[in-house]
$ cat target20.csv   # CSV, C-alpha atoms and all ligand atoms
chain,number,residue,atom,x,y,z
I,1,MET,CA,0.0,0.0,0.0
I,2,LYS,CA,1.0,3.6,-0.6
I,3,PHE,CA,-0.2,6.1,1.9
I,4,CYS,CA,0.1,9.9,1.6
I,5,SER,CA,-0.8,13.1,3.3
I,6,PHE,CA,-2.1,16.0,1.3
I,7,SER,CA,-3.9,19.3,1.5
I,8,HIS,CA,-6.9,20.2,-0.5
I,9,ARG,CA,-8.3,23.7,-0.3
I,10,ASP,CA,-6.0,24.3,2.6
I,11,ARG,CA,-7.4,21.4,4.6
I,12,ALA,CA,-5.0,18.6,5.6
I,13,ARG,CA,-6.1,15.1,4.7
I,14,PHE,CA,-4.6,11.7,4.2
I,15,GLY,CA,-5.3,8.7,1.9
I,16,LEU,CA,-4.3,5.8,-0.1
I,17,VAL,CA,-2.7,6.1,-3.6
I,18,LEU,CA,-4.6,4.0,-6.1
I,19,PRO,CA,-3.0,2.1,-9.0
I,20,ASP,CA,-4.1,4.9,-11.4
I,21,ASP,CA,-2.3,7.5,-9.2
I,22,SER,CA,-5.5,9.0,-7.9
I,23,ILE,CA,-5.8,9.3,-4.1
I,24,VAL,CA,-8.8,8.1,-2.0
I,25,ASP,CA,-9.5,9.9,1.3
I,26,LEU,CA,-9.2,7.2,3.9
I,27,PRO,CA,-11.6,8.4,6.6
I,28,GLN,CA,-14.3,9.0,4.0
I,29,ALA,CA,-13.6,5.6,2.3
I,30,VAL,CA,-13.7,3.7,5.6
I,31,GLN,CA,-17.0,5.4,6.5
I,32,SER,CA,-18.7,4.7,3.1
I,33,LEU,CA,-17.3,1.2,2.4
I,34,LEU,CA,-16.6,-0.5,5.8
I,35,GLY,CA,-18.7,1.2,8.5
I,36,LYS,CA,-15.7,0.8,10.8
I,37,PRO,CA,-15.3,2.2,14.3
I,38,ASP,CA,-15.5,6.0,14.8
I,39,SER,CA,-11.8,6.0,15.9
I,40,LEU,CA,-10.8,5.3,12.3
I,41,VAL,CA,-13.4,7.6,10.7
I,42,ASP,CA,-12.4,10.4,13.1
I,43,SER,CA,-8.6,10.0,12.6
I,44,PRO,CA,-7.3,13.6,12.1
I,45,ASP,CA,-4.1,12.5,10.4
I,46,LEU,CA,-2.1,9.5,9.1
I,47,LYS,CA,-0.2,9.2,12.4
I,48,SER,CA,-3.4,8.9,14.3
I,49,TRP,CA,-4.7,6.3,11.8
I,50,LEU,CA,-1.5,4.2,12.0
I,51,SER,CA,-1.5,4.4,15.8
I,52,GLN,CA,-4.6,2.1,15.6
I,53,GLY,CA,-2.2,-0.6,14.4
I,54,ALA,CA,-3.5,-3.8,12.8
I,55,VAL,CA,-7.1,-2.7,12.5
I,56,ALA,CA,-6.0,0.4,10.6
I,57,MET,CA,-3.6,-1.5,8.3
I,58,GLU,CA,-6.3,-4.2,7.6
I,59,SER,CA,-9.0,-1.7,6.9
I,60,ALA,CA,-6.8,0.2,4.4
I,61,GLN,CA,-6.0,-3.2,2.7
I,62,GLU,CA,-9.7,-4.0,2.6
I,63,ILE,CA,-10.6,-0.6,1.1
I,64,LEU,CA,-8.0,-1.2,-1.6
I,65,ARG,CA,-9.4,-4.6,-2.4
I,66,LEU,CA,-12.9,-3.3,-2.6
I,67,LEU,CA,-11.9,-0.4,-4.9
I,68,GLU,CA,-9.9,-2.7,-7.1
I,69,GLY,CA,-13.0,-5.0,-7.3
I,70,GLY,CA,-15.1,-2.1,-8.6
I,71,ALA,CA,-16.6,-0.7,-5.4
I,72,GLU,CA,-17.3,3.0,-5.5
I,73,VAL,CA,-16.9,5.7,-2.9
I,74,ASP,CA,-18.4,9.2,-3.2
I,75,SER,CA,-16.7,11.1,-6.0
I,76,GLY,CA,-15.7,13.8,-3.4
I,77,ALA,CA,-13.5,11.2,-1.7
I,78,VAL,CA,-11.2,10.6,-4.7
I,79,TYR,CA,-8.7,13.2,-5.7
I,80,GLU,CA,-6.5,13.5,-8.8
I,81,LYS,CA,-2.8,14.2,-8.0
I,82,ASP,CA,-2.9,17.7,-9.6
I,83,GLN,CA,-5.8,18.7,-7.4
I,84,VAL,CA,-3.8,18.3,-4.2
I,85,ARG,CA,-0.6,19.6,-2.6
I,86,LEU,CA,1.3,16.6,-1.2
I,87,LEU,CA,2.6,17.0,2.4
I,88,ALA,CA,5.3,14.9,4.1
I,89,PRO,CA,3.6,11.5,4.6
I,90,ILE,CA,3.8,12.0,8.4
I,91,PRO,CA,3.6,15.8,8.8
I,92,ASN,CA,3.8,15.7,12.6
I,93,PRO,CA,6.3,13.1,13.7
I,94,GLY,CA,7.2,13.1,17.4
I,95,LYS,CA,10.9,12.7,16.5
I,96,ILE,CA,13.2,12.4,13.6
I,97,ILE,CA,16.2,10.3,14.3
I,98,ALA,CA,19.0,10.1,11.8
I,99,ILE,CA,22.0,7.9,11.3
I,100,GLY,CA,25.5,9.1,10.2
I,101,LEU,CA,28.0,7.1,8.2
I,102,ASN,CA,25.8,4.1,7.4
I,103,TYR,CA,26.8,3.2,3.9
I,104,ARG,CA,30.0,1.4,3.1
I,105,ASP,CA,30.7,3.6,0.1
I,106,HIS,CA,30.1,6.8,2.1
I,107,ALA,CA,32.7,5.7,4.7
I,108,GLU,CA,35.2,4.8,1.9
I,109,GLU,CA,34.9,8.3,0.3
I,110,GLN,CA,35.8,9.9,3.7
I,111,ASN,CA,38.6,7.3,4.3
I,112,VAL,CA,37.2,6.5,7.7
I,113,PRO,CA,36.8,3.0,9.2
I,114,LEU,CA,33.3,1.4,9.3
I,115,PRO,CA,31.5,2.2,12.5
I,116,LYS,CA,31.1,-0.6,15.1
I,117,SER,CA,27.7,0.7,16.1
I,118,PRO,CA,25.2,3.1,14.6
I,119,LEU,CA,26.0,6.8,14.9
I,120,ILE,CA,22.7,8.5,16.0
I,121,PHE,CA,21.8,12.1,15.8
I,122,ALA,CA,18.6,14.2,15.7
I,123,LYS,CA,16.8,16.4,13.3
I,124,PHE,CA,14.0,18.5,14.8
I,125,PRO,CA,10.5,17.9,13.4
I,126,SER,CA,10.3,21.6,12.7
I,127,SER,CA,12.8,21.0,9.8
I,128,LEU,CA,10.3,18.7,8.0
I,129,ILE,CA,8.8,19.7,4.6
I,130,GLY,CA,6.9,17.8,2.0
I,131,PRO,CA,7.5,17.2,-1.7
I,132,ASP,CA,5.8,20.3,-2.9
I,133,ASP,CA,7.8,22.6,-0.5
I,134,GLU,CA,11.1,24.5,-1.1
I,135,ILE,CA,14.4,24.0,0.6
I,136,ARG,CA,15.3,27.4,1.9
I,137,LEU,CA,19.0,28.3,2.1
I,138,PRO,CA,19.9,30.0,5.4
I,139,GLU,CA,21.7,33.3,4.9
I,140,ILE,CA,24.4,32.3,7.3
I,141,SER,CA,25.5,29.1,5.4
I,142,GLN,CA,27.3,28.9,2.1
I,143,LYS,CA,27.7,25.1,2.2
I,144,VAL,CA,24.3,23.4,2.1
I,145,ASP,CA,24.4,19.8,0.8
I,146,PRO,CA,21.6,17.4,0.1
I,147,GLU,CA,21.8,13.7,1.1
I,148,ALA,CA,19.6,10.9,-0.4
I,149,GLU,CA,18.2,8.6,2.3
I,150,LEU,CA,15.8,5.8,2.9
I,151,CYS,CA,13.4,6.7,5.8
I,152,VAL,CA,11.8,4.3,8.1
I,153,VAL,CA,8.3,5.2,9.5
I,154,MET,CA,7.3,3.6,12.8
I,155,LEU,CA,4.0,1.8,13.3
I,156,LYS,CA,4.2,0.6,16.8
I,157,ASN,CA,5.1,2.4,20.1
I,158,GLY,CA,7.7,0.5,22.1
I,159,ARG,CA,11.1,-0.1,23.5
I,160,GLY,CA,13.5,-3.0,23.3
I,161,PHE,CA,12.5,-4.3,19.9
I,162,SER,CA,14.6,-7.2,18.7
I,163,SER,CA,15.8,-7.0,15.1
I,164,GLU,CA,13.2,-9.8,14.4
I,165,SER,CA,10.3,-7.9,16.0
I,166,ALA,CA,11.4,-4.6,14.4
I,167,ARG,CA,10.0,-5.6,11.1
I,168,ASP,CA,6.4,-5.7,12.4
I,169,ALA,CA,7.0,-2.5,14.3
I,170,ILE,CA,7.7,-0.6,11.0
I,171,ALA,CA,4.7,1.0,9.1
I,172,GLY,CA,6.7,1.4,5.9
I,173,TYR,CA,9.3,3.4,4.1
I,174,THR,CA,9.6,6.8,2.4
I,175,VAL,CA,12.2,8.9,0.7
I,176,GLY,CA,14.1,11.5,2.7
I,177,ASN,CA,16.7,14.2,2.0
I,178,ASP,CA,19.0,14.9,5.0
I,179,VAL,CA,19.9,18.4,4.0
I,180,SER,CA,23.0,19.6,5.9
I,181,ALA,CA,24.7,22.9,6.3
I,182,ARG,CA,28.3,21.6,6.3
I,183,ASP,CA,29.9,24.9,7.6
I,184,LEU,CA,27.5,24.9,10.6
I,185,GLN,CA,27.8,21.1,11.1
I,186,PHE,CA,31.6,21.1,11.2
I,187,SER,CA,32.2,24.4,13.0
I,188,ASP,CA,29.8,23.4,15.8
I,189,ARG,CA,31.5,20.0,16.2
I,190,GLN,CA,28.0,18.5,16.8
I,191,TRP,CA,25.3,18.3,14.2
I,192,VAL,CA,22.0,19.6,15.6
I,193,ARG,CA,22.0,23.1,14.2
I,194,GLY,CA,23.5,22.2,10.8
I,195,LYS,CA,21.0,19.3,10.3
I,196,SER,CA,17.9,20.9,11.7
I,197,CYS,CA,17.6,24.3,9.9
I,198,ASP,CA,14.0,25.0,8.8
I,199,THR,CA,13.2,23.0,5.6
I,200,PHE,CA,16.2,20.7,6.0
I,201,ALA,CA,14.1,17.4,6.2
I,202,PRO,CA,12.2,17.0,2.9
I,203,CYS,CA,10.3,13.8,3.0
I,204,GLY,CA,7.8,11.9,0.7
I,205,PRO,CA,6.0,11.6,-1.5
I,206,PHE,CA,4.5,8.4,-0.2
I,207,LEU,CA,4.7,6.0,2.8
I,208,VAL,CA,5.1,2.6,1.1
I,209,THR,CA,4.5,-0.7,3.0
I,210,GLU,CA,7.1,-3.4,3.0
I,211,ASP,CA,5.0,-5.8,0.9
I,212,GLU,CA,5.3,-3.5,-2.1
I,213,LEU,CA,9.1,-3.5,-1.8
I,214,GLU,CA,9.9,-7.2,-1.4
I,215,ASP,CA,13.1,-6.3,0.4
I,216,PRO,CA,13.8,-2.7,1.7
I,217,HIS,CA,17.5,-3.6,1.6
I,218,GLN,CA,17.7,-4.2,-2.2
I,219,LEU,CA,16.6,-0.8,-3.5
I,220,ASP,CA,18.5,1.5,-5.9
I,221,ILE,CA,18.8,4.9,-4.4
I,222,ASP,CA,20.0,8.0,-6.3
I,223,LEU,CA,20.2,11.8,-6.1
I,224,ARG,CA,20.1,14.2,-9.0
I,225,LEU,CA,21.0,17.8,-8.8
I,226,ASN,CA,19.4,19.8,-11.7
I,227,GLY,CA,19.2,16.5,-13.5
I,228,ASN,CA,22.9,15.5,-13.0
I,229,LEU,CA,23.5,12.3,-11.1
I,230,GLN,CA,25.3,13.0,-7.8
I,231,GLN,CA,24.7,9.9,-5.7
I,232,SER,CA,23.9,6.4,-6.9
I,233,SER,CA,23.9,3.3,-4.7
I,234,ASN,CA,21.7,0.6,-3.4
I,235,THR,CA,20.3,0.0,0.1
I,236,ARG,CA,22.2,-3.3,0.2
I,237,ASN,CA,25.2,-1.1,1.0
I,238,LEU,CA,23.7,0.0,4.3
I,239,ILE,CA,26.1,-1.0,7.1
I,240,PHE,CA,23.3,-1.4,9.7
I,241,ASP,CA,20.0,-2.4,8.1
I,242,CYS,CA,16.6,-0.9,9.1
I,243,TYR,CA,15.7,-3.7,11.5
I,244,THR,CA,19.0,-3.4,13.3
I,245,LEU,CA,18.6,0.4,13.6
I,246,VAL,CA,15.1,0.1,15.1
I,247,SER,CA,16.3,-2.5,17.5
I,248,TYR,CA,19.5,-0.5,18.5
I,249,ILE,CA,17.6,2.8,18.9
I,250,SER,CA,14.8,1.2,20.9
I,251,GLN,CA,17.2,-0.2,23.5
I,252,THR,CA,17.4,3.3,25.0
I,253,ILE,CA,14.7,5.4,23.3
I,254,THR,CA,11.0,4.7,23.1
I,255,LEU,CA,9.9,4.7,19.5
I,256,GLU,CA,6.4,5.9,18.7
I,257,THR,CA,4.0,5.7,15.9
I,258,GLY,CA,5.0,8.1,13.1
I,259,ASP,CA,8.6,8.6,14.3
I,260,LEU,CA,11.0,8.8,11.3
I,261,ILE,CA,14.4,7.3,11.0
I,262,PHE,CA,16.7,8.7,8.3
I,263,THR,CA,19.0,5.7,7.7
I,264,GLY,CA,22.0,7.4,6.3
I,265,THR,CA,23.3,8.4,2.9
I,266,PRO,CA,25.6,6.8,0.3
I,267,ASP,CA,28.7,8.3,-1.3
I,268,GLY,CA,28.7,11.2,-3.7
I,269,VAL,CA,27.7,14.0,-1.3
I,270,GLY,CA,28.6,17.5,-2.4
I,271,VAL,CA,31.1,18.3,0.4
I,272,PHE,CA,33.4,15.3,-0.5
I,273,ARG,CA,33.3,16.0,-4.3
I,274,ASN,CA,36.3,17.5,-6.0
I,275,PRO,CA,35.5,20.4,-6.5
I,276,PRO,CA,32.8,20.5,-3.8
I,277,VAL,CA,29.2,21.1,-4.9
I,278,PHE,CA,26.7,23.0,-2.7
I,279,LEU,CA,23.1,24.0,-3.3
I,280,LYS,CA,22.2,27.4,-4.7
I,281,SER,CA,18.9,29.2,-5.2
I,282,GLY,CA,17.0,27.8,-8.2
I,283,ASP,CA,18.5,24.3,-8.0
I,284,VAL,CA,16.2,21.3,-8.1
I,285,VAL,CA,17.1,18.2,-6.0
I,286,GLU,CA,15.5,14.8,-6.8
I,287,VAL,CA,16.0,11.8,-4.6
I,288,LYS,CA,14.7,8.6,-6.1
I,289,ILE,CA,14.3,5.2,-4.4
I,290,GLU,CA,13.3,2.3,-6.5
I,291,LYS,CA,9.7,1.1,-5.8
I,292,ILE,CA,9.1,4.0,-3.3
I,293,GLY,CA,9.1,7.2,-5.4
I,294,THR,CA,10.9,10.4,-6.2
I,295,LEU,CA,11.1,13.3,-3.8
I,296,ARG,CA,11.7,16.5,-5.7
I,297,ASN,CA,12.3,19.9,-4.1
I,298,ARG,CA,13.2,23.2,-5.5
I,299,VAL,CA,15.8,25.3,-3.6
I,300,SER,CA,15.3,29.0,-2.8
V,401,MG,MG,22.5,11.9,6.5
$ encode --input "target20.csv" --output "structure tokens" --more "lines below"
Ligand code: MG
Amino acid sequence: MKFCSFSHRDRARFGLVLPDDSIVDLPQAVQSLLGKPDSLVDSPDLKSWLSQGAVAMESAQEILRLLEGGAEVDSGAVYEKDQVRLLAPIPNPGKIIAIGLNYRDHAEEQNVPLPKSPLIFAKFPSSLIGPDDEIRLPEISQKVDPEAELCVVMLKNGRGFSSESARDAIAGYTVGNDVSARDLQFSDRQWVRGKSCDTFAPCGPFLVTEDELEDPHQLDIDLRLNGNLQQSSNTRNLIFDCYTLVSYISQTITLETGDLIFTGTPDGVGVFRNPPVFLKSGDVVEVKIEKIGTLRNRVS
């Protein structure tokens, strides 16, 4: 399944992306097709929907089956993509956790040894933007660099997940761009400011469940800047896979529905290129992950 959050006439909504790329509003569909509990119909956002766990996932699956079988919902519940503005799939995560140095090729380009355990840092949720938003360059930075990343979206609340139970604790995956102000990141000697500037966490366009991917650790991932290929790798090059990350983080930090984990970037980032490449106003950054989608943001 592909979930998305969107706004239509300035009202935030969420839904399922159908095979023809149209979007069905989930609360409206559940009301007209399933007559399910009010808690689903009244869900204000996708995070609230997902927090209802198995009943929410099974209801979405059932709606998809019914629609594919020819069932109809009110015409007002179905939107064409050009009628809506896509938001980050989870516009209101409790936290955004990110991982540094998690691709073998990215460690090699910096000539540093592979880490023995995941390197964790934070991006503030206020840095989150959606696929139709612009990355805004801060006036005080001249070295802003995008990073292509696979993002994990949590389904379950919990602590102490094993890497085996982590799989069922994940709602799905989306595309992220861990935008980084290298001058701030390196001069501060810790990363919060350089990684959490407003608009520095583009995310989307869809939240895709694992059954659509076969294996989240076998996906091509690339980044294009103004159409030119800058990063090209595959998630098989992750040092710590998504299940290991969920397990590792949750040993000490409670993970909650809708939390995002940016899992790290492959080689080819601008700061390590020769000569270095940094974002400038008017650029267009596209991060594409096979079977998940393309996240495209203009820079201003
Ligand atoms: Mg990163």
$ atom_distance --input "target20.csv" --atom1 "CA of Arg159 (chain I)" --atom2 "CA of Phe3 (chain I)"
25.2 Å
$ closest_residue --input "target20.csv" --among "I:Val73, I:Leu46, I:Ala60, I:Ile261" --to "ligand MG 401 (chain V)" --atoms "all atoms listed in the file"
I:Ile261
$ closest_residue --input "target20.csv" --among "I:Gly172, I:Pro276, I:Gly258, I:Pro266" --to "ligand MG 401 (chain V)" --atoms "only C-alpha atoms and all ligand atoms"
I:Pro266
$ closest_residue --input "target20.csv" --among "I:Val246, I:Val24, I:Cys203, I:Val277" --to "Leu155 (chain I)" --atoms "all atoms listed in the file"
I:Val246
$ closest_residue --input "target20.csv" --among "I:Ser196, I:Thr174, I:Gln231, I:Ser39" --to "Lys123 (chain I)" --atoms "all atoms listed in the file"
I:Ser196
